[in-house]
Amino acid sequence: MALGCVVFCLFVGFTSALGKTLAWNVTQKCEEDTKTFLKEITQETPEEYAVLFYDAFGKMGSDVEGGNVNQVGSQQECESAHGPTFSGQYCQLFLHQGTLRYFVGICVPDSCSQEDVEMLVLHGQLQLGQTSLIPPFPSILVNESTQQLSMTVCMSGINTPDASGITCLPRSTPQCFSPNCASQCLQVFSLQNTCPGVLTTHPKGRYPCMNGIRCLSLLWIISGHTTQIPLIFIVDNAKNWLRRMKGNPFYVLSNSGPVCLAVDTFLLLGTLMGSIKIKCEFFLFFSVPDIRIQPLHLFIVTLSIVLGSLVQWGPYQSQNVTSLIDCKKGWWANVLLISNLVPFMETCTPWSWYLSLDFQCYATTPVLLYLYRLYVQFSNISKLLCCVVSISSVLSPEYLIEYYSKPYTRYGPFLIGILTGIYLTWQAALGWFCCLSLMALVIGLAFPLQDTPSYPSVPHALYQGLHRSLWALTLTWIILACEDGYGGFINRFLSWDLWVPLSNISFACYMIHPIFIILYMGLQETPMHDTDMNLYLATCVLSMGTSYFLTVLIEKPFRLLKCGCA
């Protein structure tokens with residue numbers, strides 16, 4: 001009897017808690033405005049605002065099997081609707097129906113908060129007669145017919161300026177520079193000093209093939225970003241794209257593994273050019289390796305904060321603008337060049353992690369130099385010991401009699417001479433064969449590894465541990481072979497004069513191109529149909545044009561300033 005009472009009390013408590021969870025808790029103003037809208041659309045000739053409200057709701061489209069599952073609706077149409085005492089507010093409902101996850105755009109009165117909208121949806125109040133305005137996918141497409149609400153996001157149509165972007169300047173500037181240095185600082189920002197040389201087609205210094213390698217790597221990175229970022233968010237044929245990619249080995253270049261090799265190429269080229277100058281200007285090399293590019297980096301961070309605060313984003317705001325808005329919180333990691341050490345979801349301009357990595361790698365330079373000099377000293381001592389051992393061996397009578405003149409003791413140098421002659425004769429062909437084979441192996445292995453379980457997996461471990469270093473090794477051979485005259489038509493292609501101006505603006509292009517991609521997606525009203533080249537060429541043209549001005553106005557002046565005030 002007592003046990004029955006306990007069970008009954010628990011049941012009553014659970015029912016009460018459930019009732020509180022699903023209790024009707026909507027503000028009076030929101031409830032009245034919603035009823036006004038729903039009543040109006042049932043009229044024989046509804047008012048224009050009600051038609052706009054209804055038409056702005058997301059509706060199921062075709063090609064659901066191909067991945068077109070998001071029902072975006074129209075944010076612009078919703079926010080243009082004005083009722084008797086309220087206006088339209090665009091919201092997104094993130095739902096899952098079995099294993100299918102998608103969002104639906106809806107239009108509700110602006111008097112409703114996100115909590116009010118959730119209550120309206122959970123209680124099934126958004127209906128046209130007996131028909132829900134948010135119908136589930138039919139059973140012929142999805143096995144599970146029950147919709148479950150994960151999250152609600154309501155977007156404001158007006159972005160107000162953020163006070164954090166306001167800076168008060170003092171009336172007078174402190175005299176922290178001498179007149180001579182101040183004059184030089186002003187001169188380096190003159191367009192007469194910064195414009196010349198940016199678009200030149202004459203390569204500077206040695207290793208002109210590095211211009212081609214740098215430019216091809218940049219185009220590779222842009223290709224990867226324009227393929228992967230929209231695919232995750234706003235394309236209406238994501239599943240079809242994935243099927244096409246898996247059936248075509250050419251698309252292996254768009255996978256995250258091979259695309260990241262292009263960033264490793266940047267790291268190799270920067271280190272190689274820096275180490276060439278390391279003997280004559282070591283302290284400058286170590287103390288300001290990233291100062292010359294940090295102003296442009298911080299400009300991109302500032303631009304991201306401004307865009308995240310002021311731009312009127314479309315219905316894809318919640319997915320695409322996160323990396324821009326997060327700059328208000330994570331900008332400090334970019335300033336300190338440690339953005340690659342903070343959690344990814346908290347990073348500002350995530351693509352700038354390369355700069356932090358580059359700076360941290362440069363910080364290890366003194367240790368590497370110390371080990372190098374230690375090795376040189378050890379090598380000299382070893383040579384001296386070998387000479388002493390050789391002299392003592394020659395002075396031994398037994399050595400002269402039993403060992404000195406025997407053929408098997410002299411065959412080693414002979415064999416090395418033969419092999420060296422063969423190597424000198426065939427080194428170009430052998431080197432290119434090994435280089436190209438290794439490049440094909442590093443890129444090609446990413447394709448079959450897609451179908452291999454990632455954990456635990458020995459092939460994955462070997463590939464992740466070795467492929468970056470092997471890639472750098474192949475590029476090193478290409479650079480040295482081109483410099484020593486073994487490049488042939490590859491050297492002529494990589495040293496093409498057209499690569500020089502693009503190489504001069506490559507860093508600015510790398511920093512700005514993701515912003516164009518995010519802007520393009522964030523301002524979209526409807527899903528886009530992904531094709532191979534629909535976004536790539538536009539991103540390249542816009543990025544290169546903008547990069548010229550960023551290089552002339554920001555990057556190059558600070559490069560000249562480093563030398564001018566030294």
# chains A, B, ... in the order shown; residues from 1 in each chain; ligands from 1
>>> residues_around(residues="Val335 (chain A)", least_positions_apart="2", cutoff="9 Å", atoms="only C-alpha atoms", output="list in words")
Gln294, His297, Leu298, Trp331, Trp332, Ala333, Leu337, Ile338 and Ser339 of chain A
>>> residues_around(residues="Ser111 (chain A)", least_positions_apart="5", cutoff="7 Å", atoms="only C-alpha atoms", output="list of chain:residue names")
A:Lys29, A:Cys30, A:Phe86
>>> residues_around(residues="Gly73 (chain A)", least_positions_apart="5", cutoff="7 Å", atoms="only C-alpha atoms", output="count of residues only")
6
>>> closest_residue(among="A:Leu133, A:Met345, A:Ser74, A:Phe507", to="Leu218 (chain A)", atoms="only C-alpha atoms")
A:Phe507
>>> residues_around(residues="Cys509 (chain A)", least_positions_apart="3", cutoff="6 Å", atoms="only C-alpha atoms", output="PDB file with C-alpha atoms, in the first residue's frame")
ATOM      1  CA  SER A 506      49.656  36.525 -52.249  1.00  0.00           C
ATOM      2  CA  ILE A 512      40.940  38.474 -47.612  1.00  0.00           C
ATOM      3  CA  HIS A 513      39.461  35.685 -49.750  1.00  0.00           C
ATOM      4  CA  SER A 543      40.401  38.747 -53.881  1.00  0.00           C
ATOM      5  CA  MET A 544      43.193  39.639 -56.284  1.00  0.00           C
ATOM      6  CA  SER A 547      44.668  42.406 -52.442  1.00  0.00           C
TER       7      SER A 547
END
>>> closest_residue(among="A:Gly61, A:Gly330, A:Pro109, A:Gly444", to="Thr302 (chain A)", atoms="only C-alpha atoms")
A:Gly330
>>> closest_residue(among="A:Leu310, A:Leu462, A:Ile490, A:Leu470", to="Cys435 (chain A)", atoms="only C-alpha atoms")
A:Leu470
>>> residues_around(residues="Thr152 (chain A)", least_positions_apart="3", cutoff="12 Å", atoms="only C-alpha atoms", output="ChimeraX atom specification")
/A:90-95,103-106,113-122,148-149,155,318
>>> write_last_selection(atoms="C-alpha atoms", output="JSON list (two decimals), in the first residue's frame")
[["chain", "number", "residue", "atom", "x", "y", "z"],
["A", 90, "TYR", "CA", 12.36, 36.25, -39.38],
["A", 91, "CYS", "CA", 13.24, 33.22, -37.22],
["A", 92, "GLN", "CA", 14.83, 29.84, -37.90],
["A", 93, "LEU", "CA", 13.69, 26.59, -36.32],
["A", 94, "PHE", "CA", 16.42, 23.94, -36.19],
["A", 95, "LEU", "CA", 14.67, 20.58, -36.34],
["A", 103, "PHE", "CA", 16.10, 24.26, -40.42],
["A", 104, "VAL", "CA", 12.89, 26.03, -41.41],
["A", 105, "GLY", "CA", 12.55, 29.79, -41.78],
["A", 106, "ILE", "CA", 9.33, 31.26, -40.35],
["A", 113, "SER", "CA", 10.75, 36.62, -28.28],
["A", 114, "GLN", "CA", 12.64, 33.41, -29.07],
["A", 115, "GLU", "CA", 11.01, 31.76, -26.05],
["A", 116, "ASP", "CA", 7.58, 32.82, -27.31],
["A", 117, "VAL", "CA", 8.30, 31.35, -30.73],
["A", 118, "GLU", "CA", 9.35, 28.04, -29.18],
["A", 119, "MET", "CA", 6.10, 27.91, -27.21],
["A", 120, "LEU", "CA", 4.07, 28.64, -30.35],
["A", 121, "VAL", "CA", 5.80, 25.81, -32.19],
["A", 122, "LEU", "CA", 5.67, 23.26, -29.36],
["A", 148, "GLN", "CA", 11.81, 17.55, -32.72],
["A", 149, "LEU", "CA", 12.87, 21.13, -32.07],
["A", 155, "MET", "CA", 17.21, 37.60, -36.39],
["A", 318, "SER", "CA", 23.72, 31.71, -37.61]]
>>> closest_residue(among="A:Trp477, A:Leu449, A:Tyr463, A:Val552", to="Cys434 (chain A)", atoms="only C-alpha atoms")
A:Trp477
>>> closest_residue(among="A:Leu303, A:Leu466, A:Ala428, A:Leu268", to="Cys482 (chain A)", atoms="only C-alpha atoms")
A:Ala428
>>> closest_residue(among="A:Tyr54, A:Trp426, A:Trp313, A:Phe137", to="Met521 (chain A)", atoms="only C-alpha atoms")
A:Trp313
>>> residues_around(residues="Leu436 (chain A)", least_positions_apart="5", cutoff="9 Å", atoms="only C-alpha atoms", output="list in words")
Gly431, Leu441 and Thr474 of chain A
